[in-house]
Amino acid sequence: MKAAAQPGMLLVATRELRWMWRDRLALFLAVGVPIIAFTILAITFSNVVMRNLKVSVVDADRSPTSLVYVQAIGSAPGVSVAERSGDMTSAMHAIRSGDAIAAIYIPRNFERDLIDRKRPQIVVLYNRQYFTPGNSASAAISNAIAAATATLPDTSPAGVRSFAPGSLVVEQYVLTNPALNFAQFLLRAILPHVLHVIIAIAAGYAVGSEFSRRSRRAWLRTAGGSPLTALVGKLAPLFGIFILMLVVDAGIIHGIFEVPFRGSSVLMGAAACLLVIGYLSLGSLLQLLVRDLASGMSLTAIFCNPAFGFAGVGFPLLAMGEFPRIWGDMLPLRWYMQILFDQAVRGLPAWASVEPFMILGGLASILFGLAWLRLRALARTVVARHREMVPAETQVRPLGMGTAMVAEMRRVLNDRGVFGFIVLAPVVYGILYPQPYLGEILRRIPVAVVDQDHSELSRNLVQTLNADEAVTLAVSADTLAQAQDALARREVFAILGIPEGTEREVLKGNKARVPAYVDSAYFLLYNRVLQGISEASGAVNVAIASHGARADGSLAHAALIRSSPVELLTEPLFNPTGGYASYVVPAAFVLILQQTLFFGGATMGAVVFEQSGTQGRRRRAGARVIIGQALAHVCLALPGLALYTIILPRIYGFSTLGRLFDLFLMALPFLLAVSFLAQFISLWFRRRETAVVLFIAASLPLFFIVGVSWPVEAIPDIVREASRAFPSTSAIDGLVRINQMGASLHDVARDWLSLWVLTGIYGFLAVAGAYLTGRREVSHGG
């Protein structure tokens, strides 16, 4: 006879693996969800460079010279001319409707004014509400116009040509991502974030199930009564799975996308282990504190989902306020991401990551210790199981749409979990989510200067650089090596070198090359630092060209025409200050609204099944009942909608140009589609936590396939078409264009019609699915 297995860690781990195999939902969460999320993101970012951003051109001159500029813009690698508008009104309609990201205006008499040396303007209006594609299009257009201007013949009269001093030319040296591959940056940043949410949810599901369908006593008994053995044995299989997932993550980045790894792989592997331990412990701790599976998972989602902003990757820590910095410092993800970027991206020596590694280890240890102490306390108590009773009104079959609507609202109000999802969660997210981004604009980014010229010109350049809003002089180094040490310690994010003989070259009439070594590990920092250096060098060049003349005098004007015969005026639209919160938060609010309403609606269907079985599910069937329930969900979601589109944008200072009536008309089919989708999906759910387990990791991939952060032109067609199945894709585009860009319902007609189509499809599926499910359950004697 085979001897019984001895209690201990191995027996606990074996019990856990058997449960995962039988439960299947736990196995799918740990293995299937991350693979699906990784695959979607990898396909989304497979086009590593933004190309063919659509622009509209208004050529009011229609001369051979203006045609040169139009052709230069059309052949630029980053943009493509989508249409030749007749006037700016149609061009602005193209921007508001999404047919173009920018408009270029070449005025009448452009060629004549250029010949007459009047320095004509070319105006570029670009949509900076769509931050990344808008800035990328602006840069591509500016480069194309500069290249076209360089090909123009010199029109200055021969008799007035004289000696002109040289100028400073900034040579950019990209330190960490020379190809400026934005997709590589996003993949590195996003995949760990998606995985850390799944890790915490998986651990919470494993521990929380002991308080619902499994037995906490049996769990401790297999561990020989030791809480420490019970906790380690339960989490050990998940630890192995998620370490394997992080290896897959590295394989995607460094194998498929051929992104180099520059740092210590040993240190990076140890940091990955600490990250997994930290979030396994966090998910376990929250479940042990509340001892309710659904509530614990909701808390885990609220704690983990906004972590991407607080980690300091999308928006840098140095621009955050005190609260988001403190909150971010408490997150293991924040320190893991710092180690990841220092080692994998920047290739710093291992000593540079010792401090974040120690903090990460401390957080993981504290979280695990708290989870163990909480389990030890619970091991000494007896917890009575509580099963929520069915409210009386759910026992009555609704007779019509209005009755069904009232009954559903009562159900939601009587269920703390569902009420929390639909009503309370939007309030919590509305307060918490925007906090990291409220600094809006990066200012005073520290840079280093290596001045080896020690001339009046170099001192003027340093003073002008330090006066720029974007940067501040933090380190004045004697050698490049000293400046590089400051860069490795994260004291500065760029180095500007002024070689010996710079002023002499300028006075000889030559171009003096000034190297700028810019850290591109964080793209927002890179772009802002480069902007500050370019502005400073440009101001110094104007001073050099004018020979010290008054800035508004004729000599200065002549020098300006000689150096730049065409004036390029770039005007950002809808987000003129370039605020990061103004760009990311309104779109994220719509996605949060979809997520919370979907979780609430899907959970409600599963709750009814848990409480009343097939009888409860049959009572929710029928077209009038399903529509009534959807109307109840819409009414309950309206406060969150008003909070996100009316109240918080005004509190946070975001642009609010839309009409309230247009906002409501756009939001109505969005909320209905989400409710119908949730009711349809819930037909396959028998447990209230299933919706959270399956879809909690979907929010970030959905955000990037919408086209706000990553342009639609760079998203593969298969992903773009698949994304239209989610109401958030059309809703984010439509609501952001109405509220932040002042678009009318006519401008976003395609999005509005798409949402009504989804409403019809999901409404039909919900009705048909409920009917077929009821028939099947009746035939099986349910």
# chains A, B, ... in the order shown; residues from 1 in each chain; ligands from 1
>>> select_by_dssp(residues="region 150-334 of chain A", states="alpha helix (DSSP H)", output="PyMOL selection string")
chain A and resi 150+182-208+216-222+227-251+265-290+293-304+307-310+322-329+332-334
>>> select_by_dssp(residues="region 394-536 of chain A", states="strand (DSSP E or B)", output="ChimeraX atom specification")
/A:445-451,471-477,494-498,511-518
>>> closest_atom_pairs(of="region 270-289 of chain A", to="region 298-307 of chain A", cutoff="9 Å", atoms="only C-alpha atoms", output="Markdown table")
| residue | atom | partner | partner_atom | distance |
| --- | --- | --- | --- | --- |
| A:Leu282 | CA | A:Thr300 | CA | 8.0 |
| A:Gly283 | CA | A:Thr300 | CA | 6.3 |
| A:Leu286 | CA | A:Thr300 | CA | 6.9 |
| A:Gln287 | CA | A:Thr300 | CA | 8.6 |
>>> write_last_selection(atoms="all heavy atoms", output="mmCIF file, in the first residue's frame")
data_model
loop_
_atom_site.group_PDB
_atom_site.id
_atom_site.type_symbol
_atom_site.label_atom_id
_atom_site.label_comp_id
_atom_site.auth_asym_id
_atom_site.auth_seq_id
_atom_site.Cartn_x
_atom_site.Cartn_y
_atom_site.Cartn_z
ATOM 1 N N LEU A 282 1.539 40.698 -2.444
ATOM 2 C CA LEU A 282 0.517 41.740 -2.377
ATOM 3 C C LEU A 282 -0.869 41.172 -2.637
ATOM 4 O O LEU A 282 -1.824 41.451 -1.895
ATOM 5 C CB LEU A 282 0.830 42.839 -3.387
ATOM 6 C CG LEU A 282 -0.236 43.933 -3.522
ATOM 7 C CD1 LEU A 282 -0.380 44.713 -2.228
ATOM 8 C CD2 LEU A 282 0.090 44.862 -4.679
ATOM 9 N N GLY A 283 -1.010 40.374 -3.704
ATOM 10 C CA GLY A 283 -2.305 39.770 -3.996
ATOM 11 C C GLY A 283 -2.789 38.883 -2.870
ATOM 12 O O GLY A 283 -3.981 38.878 -2.519
ATOM 13 N N LEU A 286 -3.908 41.166 0.340
ATOM 14 C CA LEU A 286 -5.206 41.817 0.231
ATOM 15 C C LEU A 286 -6.344 40.822 0.430
ATOM 16 O O LEU A 286 -7.371 41.148 1.046
ATOM 17 C CB LEU A 286 -5.323 42.512 -1.130
ATOM 18 C CG LEU A 286 -4.384 43.713 -1.338
ATOM 19 C CD1 LEU A 286 -4.530 44.273 -2.746
ATOM 20 C CD2 LEU A 286 -4.663 44.800 -0.312
ATOM 21 N N GLN A 287 -6.183 39.617 -0.085
ATOM 22 C CA GLN A 287 -7.213 38.596 0.123
ATOM 23 C C GLN A 287 -7.287 38.179 1.592
ATOM 24 O O GLN A 287 -8.376 37.982 2.142
ATOM 25 C CB GLN A 287 -6.915 37.367 -0.748
ATOM 26 C CG GLN A 287 -7.176 37.568 -2.218
ATOM 27 C CD GLN A 287 -8.640 37.733 -2.533
ATOM 28 O OE1 GLN A 287 -9.503 37.332 -1.769
ATOM 29 N NE2 GLN A 287 -8.936 38.336 -3.671
#
>>> closest_residue(among="A:Pro120, A:Pro499, A:Gly763, A:Gly578", to="Gly622 (chain A)", atoms="only C-alpha atoms")
A:Gly763
>>> residues_around(residues="Gly600 (chain A)", least_positions_apart="4", cutoff="12 Å", atoms="only C-alpha atoms", output="PyMOL selection string")
chain A and resi 294+298+408-409+411-413+415-426+593-596+604-607+629-630+632-634+636-637+674-679+681-682+688-692
>>> residues_around(residues="region 3-17 of chain A", least_positions_apart="5", cutoff="6 Å", atoms="only C-alpha atoms", output="list in words")
Thr222, Ala223, Gly224, Thr229, Gly233 and Lys234 of chain A
>>> write_last_selection(atoms="N, CA, C and O atoms", output="JSON list (two decimals), in the first residue's frame")
[["chain", "number", "residue", "atom", "x", "y", "z"],
["A", 222, "THR", "N", -2.42, 20.41, 4.93],
["A", 222, "THR", "CA", -1.40, 19.87, 4.02],
["A", 222, "THR", "C", -0.03, 20.49, 4.27],
["A", 222, "THR", "O", 0.99, 19.91, 3.89],
["A", 223, "ALA", "N", 0.00, 21.65, 4.95],
["A", 223, "ALA", "CA", 1.27, 22.29, 5.29],
["A", 223, "ALA", "C", 1.75, 21.89, 6.67],
["A", 223, "ALA", "O", 2.73, 22.47, 7.17],
["A", 224, "GLY", "N", 1.07, 20.93, 7.30],
["A", 224, "GLY", "CA", 1.48, 20.52, 8.63],
["A", 224, "GLY", "C", 1.18, 21.56, 9.68],
["A", 224, "GLY", "O", 1.84, 21.59, 10.73],
["A", 229, "THR", "N", 4.83, 27.57, 5.63],
["A", 229, "THR", "CA", 4.88, 26.51, 4.62],
["A", 229, "THR", "C", 3.68, 26.57, 3.69],
["A", 229, "THR", "O", 3.79, 26.37, 2.48],
["A", 233, "GLY", "N", 4.26, 27.24, -0.20],
["A", 233, "GLY", "CA", 3.86, 26.14, -1.08],
["A", 233, "GLY", "C", 2.78, 26.54, -2.06],
["A", 233, "GLY", "O", 2.80, 26.13, -3.23],
["A", 234, "LYS", "N", 1.84, 27.39, -1.62],
["A", 234, "LYS", "CA", 0.77, 27.83, -2.51],
["A", 234, "LYS", "C", 1.31, 28.73, -3.62],
["A", 234, "LYS", "O", 0.88, 28.63, -4.78]]
>>> residues_around(residues="Pro701 (chain A)", least_positions_apart="2", cutoff="12 Å", atoms="only C-alpha atoms", output="ChimeraX atom specification")
/A:33-34,36-45,186-187,190-191,193-195,588,591,695-699,703-707,709-710,719,723,726,728-729
